[in-house]
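Enquirer: Quick one: this structure, given as structure tokens, is what I'll be asking you about.
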Amino acid sequence: MNIIDLHCDALLKLQEGKGRLRFADAPELQVNKTRLQQGQVKVQCFAIFIESDVKSEQKFQVVLEQIDFFYKEVIGKNPDMVHLKEWSDFDRLQVGQIGAMLTLEGVDAIGNDIRKLYILYQLGVRFVGLTWNNANLAADGAGEPRGGGLTLFGKEIVEFNNEHQIHTDVSHLSDKGIFEVIELAKYPMASHANARAICHHPRNLTDEMVKAMFAKGGMIHVVYYPPFVKESGVTTITDLITHIDHFCALGGVKHIGFGSDFDGISNFITNLENASKSQNLINELLKHYSEDIVRGFAHQNFLDHRPGMGW
């Protein structure tokens with residue numbers, strides 16, 4: 001069953017590898033082309049993420065370097081990897097092709113200059129998360145004790161996203177920021193988050209957030225990182241499915257997808273250690289849900305919730 005994965009950090013690893021890693025088959029990458037093929041991942045979203053210790057004046061250059069790795073190493077050297085820049089591009093993927101889309105995890109790199117976000121849009125970014133865990137000029141992140149919401153600039157970014165049919169990603173935002181995005185955004189979503197009711201972690205979503213997201217038509221993509229799945233002990237695929245069950249109980253059967261966070265995590269769910277193992281999750285889900293519902297989780301829910309597809 002084909003899968004759409006909304007989040008990985010392979011670009012950061014490629015950048016840190018300084019050209020030594022081949023996206024085609026580097027074993028250091030949890031997401032590489034070979035593993036995507038083995039796991040039947042039909043579309044992979046590639047996050048642009050800048051470490052918090054990078055100096056402010058250097059951050060936009062680092063963003064451009066990661067995009068350069070995307071264009072040259074991911075797309076340029078692999079003709080069967082297809083850059084998706086428009087929402088209709090998903091429908092044009094051929095057998096044997098894998099779609100690749102750029103996303104932005106935190107807007108720190110644009111400072112207070114919305115024109116830089118437009119440049120990233122022109123280069124193909126179609127999902128924008130306002131923060132990582134820290135605070136920036138747009139909003140407070142999940143790790144900021146102040147717990148503030150969006151700034152005026154953050155609201156301007158959401159308006160930009162609305163105008164350009166860009167998803168505004170609530171993953172990593174503060175609780176207040178999440179509610180404000182759900183209220184303001186035409187296309188709110190969570191690219192990689194789980195249920196706080198099941199695993200009490202500030203990166204996960206409360207039931208109130210979840211219900212508000214579903215009511216707005218937004219999707220939540222479950223994340224495979226064990227600390228967001230289970231508070232302690234060995235983490236299994238069954239533990240991850242508990243979060244899916246919970247979201248379904250809140251009315252989200254048509255609003256659930258996958259956001260692995262591969263290459264951004266260092267410990268793993270058993271039998272879900274890299275993209276090649278993705279069908280293990282599908283096979284377990286088929287023990288609990290009908291094939292049509294599982295197909296929704298895997299890719300169809302996302303395709304039905306693309307901007308322009310009834311939003």
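Note on naming: chains are A, B, ... as they come in the structure tokens, residues start from 1 per chain, ligands start from 1 in the order shown.
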Could you pull out the strand (DSSP E or B) residues of range 38-133 of chain A, going by DSSP on the backbone, and write them as a list in words?

Expert: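 Of range 38-133 of chain A, the ones in strand (DSSP E or B) are Val41, Lys42, Val43, Gln44, Cys45, Phe46, Ala47, Ile48, Met81, Val82, His83, Ile98, Gly99, Ala100, Met101, Leu102, Thr103, Leu104, Glu105, Val125, Arg126, Phe127, Val128 and Gly129 of chain A.
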
Enquirer: With N, CA and C atoms retained, could you export that selection as an mmCIF file, in the first residue's frame?

Expert:
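Output contents, as saved in part_35.cif:
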data_model
loop_
_atom_site.group_PDB
_atom_site.id
_atom_site.type_symbol
_atom_site.label_atom_id
_atom_site.label_comp_id
_atom_site.auth_asym_id
_atom_site.auth_seq_id
_atom_site.Cartn_x
_atom_site.Cartn_y
_atom_site.Cartn_z
ATOM 1 N N VAL A 41 6.979 3.864 0.033
ATOM 2 C CA VAL A 41 6.680 5.263 0.323
ATOM 3 C C VAL A 41 6.631 5.997 -1.011
ATOM 4 N N LYS A 42 5.452 6.390 -1.412
ATOM 5 C CA LYS A 42 5.233 6.992 -2.728
ATOM 6 C C LYS A 42 5.557 8.477 -2.741
ATOM 7 N N VAL A 43 5.373 9.141 -1.586
ATOM 8 C CA VAL A 43 5.698 10.565 -1.459
ATOM 9 C C VAL A 43 6.400 10.767 -0.131
ATOM 10 N N GLN A 44 7.532 11.478 -0.177
ATOM 11 C CA GLN A 44 8.263 11.827 1.035
ATOM 12 C C GLN A 44 8.408 13.335 1.113
ATOM 13 N N CYS A 45 7.988 13.912 2.228
ATOM 14 C CA CYS A 45 8.213 15.337 2.472
ATOM 15 C C CYS A 45 9.542 15.512 3.199
ATOM 16 N N PHE A 46 10.323 16.486 2.749
ATOM 17 C CA PHE A 46 11.664 16.738 3.259
ATOM 18 C C PHE A 46 11.677 18.073 3.995
ATOM 19 N N ALA A 47 11.877 18.012 5.308
ATOM 20 C CA ALA A 47 11.898 19.220 6.123
ATOM 21 C C ALA A 47 13.235 19.941 5.988
ATOM 22 N N ILE A 48 13.158 21.260 5.961
ATOM 23 C CA ILE A 48 14.339 22.113 6.097
ATOM 24 C C ILE A 48 14.393 22.533 7.561
ATOM 25 N N MET A 81 13.010 10.225 -8.661
ATOM 26 C CA MET A 81 12.508 11.111 -7.612
ATOM 27 C C MET A 81 11.970 12.368 -8.288
ATOM 28 N N VAL A 82 10.705 12.696 -8.054
ATOM 29 C CA VAL A 82 10.031 13.782 -8.762
ATOM 30 C C VAL A 82 9.679 14.897 -7.779
ATOM 31 N N HIS A 83 10.133 16.107 -8.085
ATOM 32 C CA HIS A 83 9.840 17.246 -7.217
ATOM 33 C C HIS A 83 8.374 17.651 -7.379
ATOM 34 N N ILE A 98 8.811 8.375 -7.235
ATOM 35 C CA ILE A 98 8.569 8.771 -5.847
ATOM 36 C C ILE A 98 8.519 10.291 -5.809
ATOM 37 N N GLY A 99 7.458 10.835 -5.241
ATOM 38 C CA GLY A 99 7.326 12.272 -5.123
ATOM 39 C C GLY A 99 8.113 12.813 -3.935
ATOM 40 N N ALA A 100 8.624 14.036 -4.078
ATOM 41 C CA ALA A 100 9.393 14.688 -3.017
ATOM 42 C C ALA A 100 8.930 16.137 -2.898
ATOM 43 N N MET A 101 8.583 16.538 -1.677
ATOM 44 C CA MET A 101 8.102 17.899 -1.447
ATOM 45 C C MET A 101 8.884 18.534 -0.305
ATOM 46 N N LEU A 102 9.170 19.823 -0.435
ATOM 47 C CA LEU A 102 9.909 20.565 0.580
ATOM 48 C C LEU A 102 8.973 21.155 1.627
ATOM 49 N N THR A 103 9.417 21.118 2.892
ATOM 50 C CA THR A 103 8.691 21.750 3.986
ATOM 51 C C THR A 103 9.691 22.547 4.830
ATOM 52 N N LEU A 104 9.171 23.466 5.637
ATOM 53 C CA LEU A 104 10.020 24.307 6.477
ATOM 54 C C LEU A 104 9.637 24.100 7.934
ATOM 55 N N GLU A 105 10.611 23.682 8.740
ATOM 56 C CA GLU A 105 10.374 23.421 10.164
ATOM 57 C C GLU A 105 10.937 24.573 10.985
ATOM 58 N N VAL A 125 8.662 25.145 -1.262
ATOM 59 C CA VAL A 125 8.173 24.869 0.099
ATOM 60 C C VAL A 125 6.650 24.984 0.130
ATOM 61 N N ARG A 126 5.973 23.920 0.626
ATOM 62 C CA ARG A 126 4.512 23.917 0.653
ATOM 63 C C ARG A 126 3.927 23.620 2.033
ATOM 64 N N PHE A 127 4.764 23.424 3.035
ATOM 65 C CA PHE A 127 4.339 23.311 4.431
ATOM 66 C C PHE A 127 5.253 24.210 5.246
ATOM 67 N N VAL A 128 4.688 25.013 6.133
ATOM 68 C CA VAL A 128 5.494 25.903 6.963
ATOM 69 C C VAL A 128 5.087 25.741 8.420
ATOM 70 N N GLY A 129 6.044 25.318 9.252
ATOM 71 C CA GLY A 129 5.867 25.336 10.697
ATOM 72 C C GLY A 129 6.498 26.602 11.241
#

Enquirer: I'd like the neighbourhood of range 278-287 of chain A as number ranges by chain, where a residue qualifies if any of its atoms comes within 7 Å (using only C-alpha atoms), though same-chain residues fewer than 5 positions away should be ignored.

Expert: A: 39, 237, 271-272, 294

Enquirer: Set the distance at 12 Å and use only C-alpha atoms: which residues neighbour Ile293 in chain A once local chain neighbours fewer than 4 positions away are removed? I'd like the list as a list of chain:residue names.

Expert: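 The residues that qualify are A:Met1, A:Ile244, A:Asp245, A:Cys248, A:Gly252, A:Val253, A:Lys254, A:His255, A:Ile256, A:Gly257, A:Ile282, A:Leu285, A:Leu286, A:Lys287, A:His288, A:Tyr289, A:Phe297, A:Ala298, A:His299, A:Gln300, A:Asn301.
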
Enquirer: How many Å lie between CA of Gly111 in chain A and CA of Ser56 in chain A, rounded to one decimal?

Expert: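 Here the two named atoms are 7.8 Å from each other.
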
Enquirer: Return as JSON lines the residues of range 225-293 of chain A lying at most 12 Å from range 11-25 of chain A, together with the closest atom-to-atom pair for each and the distance in Å to one decimal, counting only C-alpha atoms, with rows in chain order and ascending residue number.

Expert:
{"residue": "A:Asp261", "atom": "CA", "partner": "A:Leu11", "partner_atom": "CA", "distance": 12.0}
{"residue": "A:Phe262", "atom": "CA", "partner": "A:Lys13", "partner_atom": "CA", "distance": 10.6}
{"residue": "A:Asp263", "atom": "CA", "partner": "A:Lys13", "partner_atom": "CA", "distance": 7.1}
{"residue": "A:Gly264", "atom": "CA", "partner": "A:Leu12", "partner_atom": "CA", "distance": 8.4}
{"residue": "A:Ile265", "atom": "CA", "partner": "A:Lys13", "partner_atom": "CA", "distance": 11.3}
{"residue": "A:Ala275", "atom": "CA", "partner": "A:Asp25", "partner_atom": "CA", "distance": 11.9}
{"residue": "A:Ser276", "atom": "CA", "partner": "A:Asp25", "partner_atom": "CA", "distance": 11.5}

Enquirer: Residues within 8 Å of range 180-196 of chain A, please, as a PyMOL selection string. Count only C-alpha atoms; anything in the same chain fewer than 6 positions from it doesn't count.

Expert: chain A and resi 6-7+149-150+155+158-159+161-162+165-171+202-207+212-213+216-223+228-229+243+246-247+258-261+307+311

Enquirer: So the first atom is CA of Ala139 in chain A and the second is CA of Gln122 in chain A; what is the distance between them in Å, to one decimal place?

Expert: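 Those two atoms sit 23.5 Å apart.
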
Enquirer: Of the candidates A:Asn112, A:Thr131, A:Asn78, A:Asn136, which one gets nearest to Ile178 in chain A if we count only C-alpha atoms?

Expert: A:Thr131
